[in-house]
Amino acid sequence: MRICLVSETWSPDINGVAHTLGRLSDDLLRRGMTLQLIRPRPAGDPHVAQGIAAELQVRGVSVPGYREVRLGLPAARRIRRLWKADRPDVVYLATEGPLGWSALGVAERLGIPVVGGWHTNFDHYCRDYGVGWLSSLVTRRLRHFHNRCGATLVPTRDQARSLTARGFERVRVMARGIDGEHFSPRHRDPSLREAWGSDAHRPVALYVGRLAPEKNLDLLRDTFTAMLAARPDMTLVAVGDGPGRAALEKALPEVHFTGFIDAASLARHYASADLFIFPSISETWGNVLLEAMASGLATVAFRHAAGAELIDDDVNGVSLAVGDEAGFLDAAVTLCQQPARYGRLGRAARERALHYRWPAIADDFLAALTLAREMSDETSRPCRI
């Protein structure tokens, strides 16, 4: 199968979309698939994607406040030229920006089947960034976009039910996977804990993710503060960067802020902690939660996205109803004082996480693309009388 991936983001960008597409493409290439890629031209040093048969980089613009996030500008003429010369069997639209809309229109005109991905809750982001009045308009535009696709892939069953109830058609579930060798308790590093000022007996609580408004940073700040008041000897670590970092560093001078780190260091940071605190409710999935669980951490999260799919409360983590911020804070404070309990939850968390393997996720992805291609063939086949 010849598959064209259209995305506003790609490795080495650090976000869930780039991570998911990178893992999927690796698996597809191992299976002998031929991949095309259409994306915005990277800012700064140019780079090309590895293993891609044909790559088209289009003009892009940076998102205000997120210089590293770029939107691809419409490029219908260049996309049409590429696909006329090297026609893919199916197109996967990972993002719904101007580039995605442009590619969708070209695919329709050329009769190429399209599958869309739901990787970002843009309606939720409207509320986080103070333009909640745009949420209904954004939802209508996204519904129009995705209902023109042969299928829309979402990470969770709850998301599928929610979108279907709002008029989205042909919604299918494709979860996310984990590399259980890379994210593993065996990467625990006593020297790293020592560098944090901790040891084998004092708990370490970790947060990994963008430091931005949509991540519910006020609750993260309050939870870390309360945990430290209950266990003054514990260590707090925050991995990631973003526009909210400066304010958090000022409010939480005791926390070790690492910024973005490489993949090997990230695995060591997960494995060297004991608890994972994840207050965000903006994700469609939340790769970091699965990574933390695979690394053997006891997690505190809301019953949302991956938290709803993965966590059985007090079996392999602690799960709170969305909106119960007081309960979230109390649960984290209680857990950090119960080493036997957070050890038990962490062991069970890894067992649960290892059910989510990338080859199985790639199977679901290919099944959706194959079905869209077959449906397109059926509708384009001439009728016989």
# chains A, B, ... in the order shown; residues from 1 in each chain; ligands from 1
>>> select_by_dssp(residues="region 238-317 of chain A", states="strand (DSSP E)", output="ChimeraX atom specification")
/A:238-239,256-259,275-278,298-302
>>> residues_around(residues="Leu71 (chain A)", least_positions_apart="5", cutoff="8 Å", atoms="only C-alpha atoms", output="list in words")
Glu8, Pro40, Gly60, Val61, Ser62, Val63, Gly97, Pro98 and Leu99 of chain A
>>> write_last_selection(atoms="N, CA, C and O atoms", output="PDB file, in the first residue's frame")
ATOM      1  N   GLU A   8       0.976  18.700  10.216  1.00  0.00           N
ATOM      2  CA  GLU A   8       1.642  19.970  10.520  1.00  0.00           C
ATOM      3  C   GLU A   8       2.917  19.748  11.329  1.00  0.00           C
ATOM      4  O   GLU A   8       3.696  20.689  11.511  1.00  0.00           O
ATOM      5  N   PRO A  40       4.754  21.130   6.813  1.00  0.00           N
ATOM      6  CA  PRO A  40       5.388  22.446   6.689  1.00  0.00           C
ATOM      7  C   PRO A  40       6.913  22.313   6.713  1.00  0.00           C
ATOM      8  O   PRO A  40       7.457  21.411   7.355  1.00  0.00           O
ATOM      9  N   GLY A  60       5.201  27.380   5.779  1.00  0.00           N
ATOM     10  CA  GLY A  60       4.466  27.337   7.037  1.00  0.00           C
ATOM     11  C   GLY A  60       4.650  28.619   7.818  1.00  0.00           C
ATOM     12  O   GLY A  60       5.525  29.436   7.519  1.00  0.00           O
ATOM     13  N   VAL A  61       3.813  28.802   8.823  1.00  0.00           N
ATOM     14  CA  VAL A  61       3.906  29.956   9.725  1.00  0.00           C
ATOM     15  C   VAL A  61       3.861  29.444  11.156  1.00  0.00           C
ATOM     16  O   VAL A  61       3.186  28.457  11.462  1.00  0.00           O
ATOM     17  N   SER A  62       4.584  30.104  12.041  1.00  0.00           N
ATOM     18  CA  SER A  62       4.597  29.720  13.446  1.00  0.00           C
ATOM     19  C   SER A  62       3.338  30.217  14.133  1.00  0.00           C
ATOM     20  O   SER A  62       2.820  31.296  13.829  1.00  0.00           O
ATOM     21  N   VAL A  63       2.843  29.420  15.084  1.00  0.00           N
ATOM     22  CA  VAL A  63       1.673  29.804  15.862  1.00  0.00           C
ATOM     23  C   VAL A  63       2.102  30.834  16.897  1.00  0.00           C
ATOM     24  O   VAL A  63       3.104  30.630  17.595  1.00  0.00           O
ATOM     25  N   GLY A  97      -5.312  21.657  10.028  1.00  0.00           N
ATOM     26  CA  GLY A  97      -4.946  23.025   9.712  1.00  0.00           C
ATOM     27  C   GLY A  97      -5.135  23.331   8.238  1.00  0.00           C
ATOM     28  O   GLY A  97      -5.676  22.523   7.471  1.00  0.00           O
ATOM     29  N   PRO A  98      -4.677  24.509   7.793  1.00  0.00           N
ATOM     30  CA  PRO A  98      -4.834  24.879   6.374  1.00  0.00           C
ATOM     31  C   PRO A  98      -4.259  23.852   5.416  1.00  0.00           C
ATOM     32  O   PRO A  98      -4.823  23.606   4.352  1.00  0.00           O
ATOM     33  N   LEU A  99      -3.140  23.230   5.784  1.00  0.00           N
ATOM     34  CA  LEU A  99      -2.538  22.216   4.919  1.00  0.00           C
ATOM     35  C   LEU A  99      -3.446  20.996   4.801  1.00  0.00           C
ATOM     36  O   LEU A  99      -3.614  20.433   3.711  1.00  0.00           O
TER      37      LEU A  99
END
>>> select_by_dssp(residues="region 75-214 of chain A", states="helix (DSSP H, G or I)", output="ChimeraX atom specification")
/A:76-85,98-110,122-128,132-146,157-165,185-187,190-195,213-214
>>> closest_residue(among="A:Asp241, A:Glu96, A:Asp314, A:Glu309", to="Trp118 (chain A)", atoms="only C-alpha atoms")
A:Glu96
>>> residues_around(residues="Asn216 (chain A)", least_positions_apart="2", cutoff="6 Å", atoms="only C-alpha atoms", output="ChimeraX atom specification")
/A:214,218-219,279-280
>>> write_last_selection(atoms="N, CA and C atoms", output="mmCIF file, in the first residue's frame")
data_model
loop_
_atom_site.group_PDB
_atom_site.id
_atom_site.type_symbol
_atom_site.label_atom_id
_atom_site.label_comp_id
_atom_site.auth_asym_id
_atom_site.auth_seq_id
_atom_site.Cartn_x
_atom_site.Cartn_y
_atom_site.Cartn_z
ATOM 1 N N GLU A 214 -3.287 24.769 28.748
ATOM 2 C CA GLU A 214 -4.217 23.655 28.559
ATOM 3 C C GLU A 214 -3.881 22.448 29.427
ATOM 4 N N ASP A 218 -2.404 25.219 37.132
ATOM 5 C CA ASP A 218 -2.753 25.699 38.476
ATOM 6 C C ASP A 218 -2.935 24.528 39.431
ATOM 7 N N LEU A 219 -3.579 23.475 38.951
ATOM 8 C CA LEU A 219 -3.770 22.296 39.806
ATOM 9 C C LEU A 219 -2.441 21.587 40.034
ATOM 10 N N PRO A 279 -2.490 16.256 35.879
ATOM 11 C CA PRO A 279 -3.778 16.927 36.086
ATOM 12 C C PRO A 279 -4.486 17.374 34.811
ATOM 13 N N SER A 280 -3.900 17.159 33.638
ATOM 14 C CA SER A 280 -4.460 17.688 32.406
ATOM 15 C C SER A 280 -5.746 16.962 32.003
#
>>> closest_residue(among="A:Gly51, A:Gly317, A:Gly177, A:Gly150", to="Ala362 (chain A)", atoms="only C-alpha atoms")
A:Gly177
>>> atom_distance(atom1="CA of Ala306 (chain A)", atom2="CA of Trp285 (chain A)")
4.8 Å
>>> residues_around(residues="region 83-89 of chain A", least_positions_apart="2", cutoff="10 Å", atoms="only C-alpha atoms", output="ChimeraX atom specification")
/A:1-5,34-36,54,78-81,91,106-107,110-114,369-370,372-373
>>> residues_around(residues="Val6 (chain A)", least_positions_apart="4", cutoff="7 Å", atoms="only C-alpha atoms", output="number ranges by chain")
A: 37-39, 92-94, 100
>>> write_last_selection(atoms="N, CA, C and O atoms", output="PDB file, in the first residue's frame")
ATOM      1  N   LEU A  37       5.192  11.907   2.636  1.00  0.00           N
ATOM      2  CA  LEU A  37       4.949  12.846   3.731  1.00  0.00           C
ATOM      3  C   LEU A  37       4.784  14.249   3.177  1.00  0.00           C
ATOM      4  O   LEU A  37       5.602  14.704   2.363  1.00  0.00           O
ATOM      5  N   ILE A  38       3.729  14.935   3.608  1.00  0.00           N
ATOM      6  CA  ILE A  38       3.526  16.346   3.284  1.00  0.00           C
ATOM      7  C   ILE A  38       3.433  17.093   4.613  1.00  0.00           C
ATOM      8  O   ILE A  38       2.618  16.750   5.476  1.00  0.00           O
ATOM      9  N   ARG A  39       4.271  18.103   4.782  1.00  0.00           N
ATOM     10  CA  ARG A  39       4.315  18.831   6.054  1.00  0.00           C
ATOM     11  C   ARG A  39       4.897  20.221   5.816  1.00  0.00           C
ATOM     12  O   ARG A  39       5.496  20.499   4.769  1.00  0.00           O
ATOM     13  N   TYR A  92      -3.672   9.894   4.789  1.00  0.00           N
ATOM     14  CA  TYR A  92      -4.012  10.062   6.202  1.00  0.00           C
ATOM     15  C   TYR A  92      -3.756  11.508   6.596  1.00  0.00           C
ATOM     16  O   TYR A  92      -2.619  11.989   6.541  1.00  0.00           O
ATOM     17  N   LEU A  93      -4.815  12.207   6.990  1.00  0.00           N
ATOM     18  CA  LEU A  93      -4.719  13.602   7.419  1.00  0.00           C
ATOM     19  C   LEU A  93      -4.637  13.635   8.941  1.00  0.00           C
ATOM     20  O   LEU A  93      -5.631  13.427   9.635  1.00  0.00           O
ATOM     21  N   ALA A  94      -3.447  13.897   9.458  1.00  0.00           N
ATOM     22  CA  ALA A  94      -3.245  13.864  10.905  1.00  0.00           C
ATOM     23  C   ALA A  94      -3.673  15.150  11.587  1.00  0.00           C
ATOM     24  O   ALA A  94      -3.953  15.138  12.788  1.00  0.00           O
ATOM     25  N   GLY A 100      -4.040  20.576   5.908  1.00  0.00           N
ATOM     26  CA  GLY A 100      -4.950  19.435   5.879  1.00  0.00           C
ATOM     27  C   GLY A 100      -6.168  19.692   5.005  1.00  0.00           C
ATOM     28  O   GLY A 100      -6.585  18.822   4.225  1.00  0.00           O
TER      29      GLY A 100
END
>>> residues_around(residues="Gly180 (chain A)", least_positions_apart="3", cutoff="7 Å", atoms="only C-alpha atoms", output="PyMOL selection string")
chain A and resi 183-184+294+354
>>> residues_around(residues="Pro232 (chain A)", least_positions_apart="6", cutoff="12 Å", atoms="only C-alpha atoms", output="NGL selection string")
:A and (198 or 202-204 or 224-226 or 254 or 333 or 336-337)
>>> write_last_selection(atoms="N, CA, C and O atoms", output="compact mmCIF listing (two decimals), in the first residue's frame")
# COMPACT_ATOMS: atom_id res chain seq x y z
N SER A 198 17.60 13.05 46.47
CA SER A 198 16.77 12.01 47.04
C SER A 198 17.58 10.74 47.25
O SER A 198 18.78 10.69 46.97
N ARG A 202 13.06 8.11 50.00
CA ARG A 202 12.25 9.33 49.92
C ARG A 202 11.56 9.39 48.56
O ARG A 202 12.22 9.20 47.53
N PRO A 203 10.26 9.64 48.53
CA PRO A 203 9.53 9.57 47.25
C PRO A 203 9.89 10.69 46.30
O PRO A 203 10.22 11.81 46.71
N VAL A 204 9.79 10.36 45.01
CA VAL A 204 9.97 11.34 43.93
C VAL A 204 8.69 11.38 43.12
O VAL A 204 8.22 10.34 42.63
N PHE A 224 1.56 19.91 43.85
CA PHE A 224 2.96 19.82 44.25
C PHE A 224 3.19 20.53 45.59
O PHE A 224 3.91 20.02 46.46
N THR A 225 2.58 21.69 45.76
CA THR A 225 2.74 22.44 47.02
C THR A 225 2.20 21.64 48.20
O THR A 225 2.85 21.55 49.26
N ALA A 226 1.03 21.03 48.04
CA ALA A 226 0.42 20.25 49.12
C ALA A 226 1.21 18.98 49.42
O ALA A 226 1.36 18.59 50.58
N GLU A 254 11.24 24.78 44.76
CA GLU A 254 11.81 23.50 45.20
C GLU A 254 11.83 22.45 44.08
O GLU A 254 12.49 21.41 44.20
N VAL A 333 -1.68 13.75 47.77
CA VAL A 333 -1.08 13.94 49.09
C VAL A 333 -1.11 12.63 49.88
O VAL A 333 -0.13 12.24 50.52
N CYS A 336 1.46 9.90 48.33
CA CYS A 336 2.89 10.12 48.53
C CYS A 336 3.35 9.70 49.93
O CYS A 336 4.56 9.57 50.17
N GLN A 337 2.42 9.46 50.83
CA GLN A 337 2.74 9.03 52.19
C GLN A 337 2.56 7.52 52.38
O GLN A 337 2.65 7.03 53.50
